[in-house]
$ cat upload-v7.cif   # mmCIF, N, CA and C atoms
data_run
#
loop_
_atom_site.group_PDB
_atom_site.id
_atom_site.type_symbol
_atom_site.label_atom_id
_atom_site.label_comp_id
_atom_site.auth_asym_id
_atom_site.auth_seq_id
_atom_site.Cartn_x
_atom_site.Cartn_y
_atom_site.Cartn_z
ATOM 1 N N MET A 14 34.371 65.637 133.075
ATOM 2 C CA MET A 14 34.952 65.706 134.394
ATOM 3 C C MET A 14 36.311 66.398 134.323
ATOM 4 N N ALA A 15 37.070 66.104 133.290
ATOM 5 C CA ALA A 15 38.382 66.744 133.149
ATOM 6 C C ALA A 15 38.231 68.248 132.964
ATOM 7 N N VAL A 16 37.169 68.654 132.260
ATOM 8 C CA VAL A 16 36.936 70.081 132.059
ATOM 9 C C VAL A 16 36.624 70.751 133.395
ATOM 10 N N LEU A 17 35.803 70.081 134.202
ATOM 11 C CA LEU A 17 35.502 70.638 135.531
ATOM 12 C C LEU A 17 36.766 70.752 136.374
ATOM 13 N N ALA A 18 37.607 69.737 136.308
ATOM 14 C CA ALA A 18 38.842 69.774 137.084
ATOM 15 C C ALA A 18 39.739 70.914 136.639
ATOM 16 N N ALA A 19 39.730 71.208 135.356
ATOM 17 C CA ALA A 19 40.574 72.285 134.841
ATOM 18 C C ALA A 19 40.010 73.663 135.177
ATOM 19 N N VAL A 20 38.680 73.770 135.243
ATOM 20 C CA VAL A 20 38.040 75.079 135.425
ATOM 21 C C VAL A 20 37.846 75.437 136.894
ATOM 22 N N LEU A 21 37.516 74.463 137.717
ATOM 23 C CA LEU A 21 37.189 74.736 139.122
ATOM 24 C C LEU A 21 38.415 74.683 140.011
ATOM 25 N N THR A 22 38.312 75.350 141.158
ATOM 26 C CA THR A 22 39.355 75.242 142.170
ATOM 27 C C THR A 22 39.198 73.897 142.875
ATOM 28 N N ALA A 23 40.162 73.549 143.707
ATOM 29 C CA ALA A 23 40.124 72.262 144.395
ATOM 30 C C ALA A 23 38.882 72.133 145.276
ATOM 31 N N GLY A 24 38.561 73.183 145.988
ATOM 32 C CA GLY A 24 37.383 73.155 146.858
ATOM 33 C C GLY A 24 36.093 73.041 146.070
ATOM 34 N N GLN A 25 35.999 73.796 144.984
ATOM 35 C CA GLN A 25 34.808 73.724 144.138
ATOM 36 C C GLN A 25 34.673 72.356 143.483
ATOM 37 N N PHE A 26 35.797 71.780 143.081
ATOM 38 C CA PHE A 26 35.762 70.462 142.449
ATOM 39 C C PHE A 26 35.301 69.397 143.443
ATOM 40 N N THR A 27 35.737 69.529 144.689
ATOM 41 C CA THR A 27 35.288 68.598 145.733
ATOM 42 C C THR A 27 33.783 68.694 145.921
ATOM 43 N N VAL A 28 33.265 69.900 145.940
ATOM 44 C CA VAL A 28 31.822 70.098 146.073
ATOM 45 C C VAL A 28 31.099 69.517 144.865
ATOM 46 N N ALA A 29 31.626 69.740 143.670
ATOM 47 C CA ALA A 29 31.002 69.219 142.460
ATOM 48 C C ALA A 29 30.966 67.689 142.476
ATOM 49 N N LEU A 30 32.043 67.049 142.903
ATOM 50 C CA LEU A 30 32.069 65.590 142.996
ATOM 51 C C LEU A 30 31.079 65.082 144.042
ATOM 52 N N THR A 31 30.969 65.797 145.151
ATOM 53 C CA THR A 31 30.019 65.407 146.188
ATOM 54 C C THR A 31 28.589 65.503 145.671
ATOM 55 N N VAL A 32 28.276 66.581 144.983
ATOM 56 C CA VAL A 32 26.939 66.752 144.417
ATOM 57 C C VAL A 32 26.656 65.641 143.403
ATOM 58 N N LEU A 33 27.629 65.317 142.563
ATOM 59 C CA LEU A 33 27.461 64.247 141.584
ATOM 60 C C LEU A 33 27.239 62.901 142.269
ATOM 61 N N ALA A 34 27.990 62.625 143.324
ATOM 62 C CA ALA A 34 27.834 61.363 144.051
ATOM 63 C C ALA A 34 26.449 61.255 144.692
ATOM 64 N N VAL A 35 25.960 62.350 145.260
ATOM 65 C CA VAL A 35 24.631 62.356 145.867
ATOM 66 C C VAL A 35 23.566 62.146 144.792
ATOM 67 N N ALA A 36 23.736 62.775 143.651
ATOM 68 C CA ALA A 36 22.765 62.620 142.566
ATOM 69 C C ALA A 36 22.716 61.175 142.079
ATOM 70 N N VAL A 37 23.865 60.561 141.914
ATOM 71 C CA VAL A 37 23.909 59.156 141.479
ATOM 72 C C VAL A 37 23.275 58.261 142.539
ATOM 73 N N ALA A 38 23.556 58.517 143.795
ATOM 74 C CA ALA A 38 22.971 57.721 144.872
ATOM 75 C C ALA A 38 21.449 57.840 144.886
ATOM 76 N N LEU A 39 20.936 59.037 144.658
ATOM 77 C CA LEU A 39 19.479 59.222 144.632
ATOM 78 C C LEU A 39 18.850 58.502 143.439
ATOM 79 N N VAL A 40 19.516 58.510 142.300
ATOM 80 C CA VAL A 40 19.003 57.789 141.134
ATOM 81 C C VAL A 40 18.973 56.287 141.408
ATOM 82 N N VAL A 41 20.017 55.764 142.001
ATOM 83 C CA VAL A 41 20.065 54.335 142.331
ATOM 84 C C VAL A 41 18.974 53.986 143.335
ATOM 85 N N LEU A 42 18.796 54.812 144.352
ATOM 86 C CA LEU A 42 17.760 54.571 145.350
ATOM 87 C C LEU A 42 16.374 54.594 144.722
ATOM 88 N N ALA A 43 16.114 55.593 143.897
ATOM 89 C CA ALA A 43 14.805 55.700 143.242
ATOM 90 C C ALA A 43 14.547 54.500 142.332
ATOM 91 N N GLU A 44 15.545 54.074 141.582
ATOM 92 C CA GLU A 44 15.375 52.926 140.689
ATOM 93 C C GLU A 44 15.156 51.641 141.485
ATOM 94 N N SER A 45 15.846 51.483 142.600
ATOM 95 C CA SER A 45 15.655 50.304 143.440
ATOM 96 C C SER A 45 14.234 50.260 143.996
ATOM 97 N N ILE A 46 13.763 51.389 144.492
ATOM 98 C CA ILE A 46 12.404 51.452 145.029
ATOM 99 C C ILE A 46 11.394 51.172 143.926
ATOM 100 N N ARG A 47 11.613 51.750 142.739
ATOM 101 C CA ARG A 47 10.705 51.516 141.622
ATOM 102 C C ARG A 47 10.669 50.031 141.254
ATOM 103 N N PHE A 48 11.817 49.390 141.241
ATOM 104 C CA PHE A 48 11.885 47.964 140.926
ATOM 105 C C PHE A 48 11.177 47.134 141.990
ATOM 106 N N TRP A 49 11.422 47.456 143.262
ATOM 107 C CA TRP A 49 10.787 46.693 144.338
ATOM 108 C C TRP A 49 9.268 46.815 144.270
ATOM 109 N N VAL A 50 8.774 48.023 144.022
ATOM 110 C CA VAL A 50 7.328 48.240 143.946
ATOM 111 C C VAL A 50 6.751 47.502 142.742
ATOM 112 N N ALA A 51 7.419 47.577 141.605
ATOM 113 C CA ALA A 51 6.928 46.889 140.407
ATOM 114 C C ALA A 51 6.937 45.374 140.613
ATOM 115 N N ALA A 52 7.959 44.849 141.241
ATOM 116 C CA ALA A 52 8.032 43.418 141.497
ATOM 117 C C ALA A 52 6.934 42.984 142.461
ATOM 118 N N HIS A 53 6.686 43.805 143.471
ATOM 119 C CA HIS A 53 5.637 43.480 144.439
ATOM 120 C C HIS A 53 4.270 43.455 143.760
ATOM 121 N N ARG A 54 4.017 44.428 142.894
ATOM 122 C CA ARG A 54 2.737 44.478 142.189
ATOM 123 C C ARG A 54 2.571 43.303 141.239
ATOM 124 N N ALA A 55 3.693 42.781 140.722
ATOM 125 C CA ALA A 55 3.640 41.643 139.805
ATOM 126 C C ALA A 55 3.508 40.324 140.565
ATOM 127 N N GLY A 56 3.569 40.375 141.886
ATOM 128 C CA GLY A 56 3.388 39.178 142.695
ATOM 129 C C GLY A 56 4.662 38.421 142.996
ATOM 130 N N ALA A 57 5.805 39.042 142.776
ATOM 131 C CA ALA A 57 7.069 38.376 143.067
ATOM 132 C C ALA A 57 7.257 38.296 144.583
ATOM 133 N N PRO A 58 7.894 37.222 145.055
ATOM 134 C CA PRO A 58 8.142 37.125 146.502
ATOM 135 C C PRO A 58 9.126 38.202 146.956
ATOM 136 N N SER A 59 9.050 38.561 148.214
ATOM 137 C CA SER A 59 9.911 39.619 148.727
ATOM 138 C C SER A 59 11.316 39.109 149.050
ATOM 139 N N VAL A 60 11.511 37.797 148.984
ATOM 140 C CA VAL A 60 12.839 37.215 149.235
ATOM 141 C C VAL A 60 13.194 36.318 148.064
ATOM 142 N N HIS A 61 14.474 36.090 147.877
ATOM 143 C CA HIS A 61 14.924 35.198 146.811
ATOM 144 C C HIS A 61 14.908 33.773 147.375
ATOM 145 N N ASP A 62 14.066 32.935 146.814
ATOM 146 C CA ASP A 62 13.917 31.573 147.320
ATOM 147 C C ASP A 62 14.180 30.594 146.192
ATOM 148 N N GLU A 63 15.230 29.799 146.349
ATOM 149 C CA GLU A 63 15.556 28.791 145.352
ATOM 150 C C GLU A 63 15.109 27.405 145.786
ATOM 151 N N GLY A 64 14.268 27.355 146.820
ATOM 152 C CA GLY A 64 13.756 26.089 147.283
ATOM 153 C C GLY A 64 14.675 25.323 148.213
ATOM 154 N N GLU A 65 15.768 25.911 148.608
ATOM 155 C CA GLU A 65 16.694 25.241 149.515
ATOM 156 C C GLU A 65 16.274 25.489 150.960
ATOM 157 N N PRO A 66 16.395 24.490 151.809
ATOM 158 C CA PRO A 66 16.031 24.703 153.215
ATOM 159 C C PRO A 66 17.005 25.669 153.880
ATOM 160 N N ALA A 67 16.488 26.410 154.843
ATOM 161 C CA ALA A 67 17.318 27.399 155.537
ATOM 162 C C ALA A 67 18.311 26.748 156.463
#
$ encode --input "upload-v7.cif" --output "C-alpha cells"
Amino acid sequence: MAVLAAVLTAGQFTVALTVLAVAVALVVLAESIRFWVAAHRAGAPSVHDEGEPA
C-alpha cells in the first residue's frame, strides 16, 4: 500500500483504495453466502436459537 501511495497521484490512489474496498466487500459477501448455503444444506436452523423464550 505504501508503494502505491508513493507511485500514484492522490486521485489515482483514491480510485485504487475504492477498488480494493469493493473487492474486499465482494469477497466477504461471497463467503457469507457460501457459509449460509452450506449451513442450510447441513440442516442448521436459519436463526440462532439458544432455547430462550422471545
$ select_by_dssp --input "upload-v7.cif" --residues "chain A" --states "alpha helix (DSSP H)" --output "PyMOL selection string"
chain A and resi 15-20+23-54
$ atom_distance --input "upload-v7.cif" --atom1 "CA of Leu30 (chain A)" --atom2 "CA of Leu17 (chain A)"
9.6 Å
$ axis_aligned_box --input "upload-v7.cif" --around "region 46-54 of chain A" --padding-each-side "6 Å" --output "JSON"
{"center_x": 8.2, "center_y": 47.4, "center_z": 142.7, "size_x": 23.2, "size_y": 20.8, "size_z": 16.6}
$ atom_distance --input "upload-v7.cif" --atom1 "CA of Ala19 (chain A)" --atom2 "CA of Val37 (chain A)"
22.2 Å
$ decode --input "upload-v7.cif" --residues "region 18-41 of chain A" --atoms "N, CA, C and O atoms" --output "compact mmCIF listing (two decimals), in the first residue's frame"
# COMPACT_ATOMS: atom_id res chain seq x y z
N ALA A 18 0.95 4.35 -2.67
CA ALA A 18 0.83 5.75 -2.28
C ALA A 18 1.99 6.57 -2.82
O ALA A 18 1.82 7.74 -3.17
N ALA A 19 3.16 5.97 -2.89
CA ALA A 19 4.32 6.70 -3.40
C ALA A 19 4.29 6.85 -4.91
O ALA A 19 4.78 7.85 -5.45
N VAL A 20 3.71 5.87 -5.61
CA VAL A 20 3.75 5.86 -7.08
C VAL A 20 2.57 6.60 -7.70
O VAL A 20 2.72 7.28 -8.71
N LEU A 21 1.40 6.47 -7.10
CA LEU A 21 0.18 7.04 -7.70
C LEU A 21 -0.06 8.47 -7.24
O LEU A 21 0.38 8.89 -6.17
N THR A 22 -0.83 9.20 -8.05
CA THR A 22 -1.27 10.53 -7.64
C THR A 22 -2.40 10.36 -6.63
O THR A 22 -2.91 9.27 -6.42
N ALA A 23 -2.80 11.46 -6.01
CA ALA A 23 -3.85 11.40 -5.00
C ALA A 23 -5.16 10.85 -5.56
O ALA A 23 -5.81 10.02 -4.94
N GLY A 24 -5.52 11.29 -6.74
CA GLY A 24 -6.75 10.81 -7.37
C GLY A 24 -6.68 9.34 -7.72
O GLY A 24 -7.63 8.59 -7.50
N GLN A 25 -5.55 8.92 -8.27
CA GLN A 25 -5.37 7.51 -8.60
C GLN A 25 -5.36 6.64 -7.36
O GLN A 25 -5.89 5.53 -7.37
N PHE A 26 -4.75 7.14 -6.29
CA PHE A 26 -4.70 6.37 -5.05
C PHE A 26 -6.10 6.21 -4.46
O PHE A 26 -6.46 5.14 -3.96
N THR A 27 -6.91 7.25 -4.56
CA THR A 27 -8.30 7.16 -4.10
C THR A 27 -9.06 6.11 -4.87
O THR A 27 -9.81 5.30 -4.30
N VAL A 28 -8.87 6.07 -6.17
CA VAL A 28 -9.53 5.07 -7.01
C VAL A 28 -9.03 3.68 -6.63
O VAL A 28 -9.81 2.73 -6.51
N ALA A 29 -7.73 3.53 -6.42
CA ALA A 29 -7.17 2.23 -6.05
C ALA A 29 -7.74 1.74 -4.72
O ALA A 29 -8.07 0.56 -4.57
N LEU A 30 -7.86 2.62 -3.74
CA LEU A 30 -8.44 2.25 -2.45
C LEU A 30 -9.91 1.86 -2.60
O LEU A 30 -10.39 0.93 -1.94
N THR A 31 -10.63 2.58 -3.44
CA THR A 31 -12.04 2.26 -3.67
C THR A 31 -12.18 0.89 -4.31
O THR A 31 -13.02 0.08 -3.90
N VAL A 32 -11.36 0.61 -5.30
CA VAL A 32 -11.39 -0.70 -5.96
C VAL A 32 -11.06 -1.80 -4.95
O VAL A 32 -11.70 -2.85 -4.92
N LEU A 33 -10.06 -1.58 -4.11
CA LEU A 33 -9.69 -2.56 -3.09
C LEU A 33 -10.83 -2.78 -2.10
O LEU A 33 -11.13 -3.92 -1.75
N ALA A 34 -11.49 -1.71 -1.68
CA ALA A 34 -12.60 -1.84 -0.75
C ALA A 34 -13.76 -2.62 -1.36
O ALA A 34 -14.37 -3.46 -0.70
N VAL A 35 -14.06 -2.37 -2.63
CA VAL A 35 -15.13 -3.10 -3.31
C VAL A 35 -14.75 -4.58 -3.44
O VAL A 35 -15.60 -5.46 -3.22
N ALA A 36 -13.51 -4.85 -3.75
CA ALA A 36 -13.07 -6.25 -3.88
C ALA A 36 -13.19 -6.98 -2.55
O ALA A 36 -13.68 -8.12 -2.51
N VAL A 37 -12.78 -6.35 -1.48
CA VAL A 37 -12.90 -6.98 -0.15
C VAL A 37 -14.37 -7.19 0.20
O VAL A 37 -14.74 -8.25 0.73
N ALA A 38 -15.20 -6.23 -0.08
CA ALA A 38 -16.63 -6.36 0.20
C ALA A 38 -17.25 -7.52 -0.58
O ALA A 38 -18.06 -8.28 -0.05
N LEU A 39 -16.85 -7.68 -1.83
CA LEU A 39 -17.38 -8.79 -2.64
C LEU A 39 -16.91 -10.14 -2.10
O LEU A 39 -17.67 -11.11 -2.09
N VAL A 40 -15.67 -10.21 -1.64
CA VAL A 40 -15.17 -11.46 -1.06
C VAL A 40 -15.94 -11.80 0.21
O VAL A 40 -16.34 -12.95 0.42
N VAL A 41 -16.18 -10.82 1.05
CA VAL A 41 -16.93 -11.04 2.29
C VAL A 41 -18.36 -11.48 1.96
O VAL A 41 -18.89 -12.41 2.58
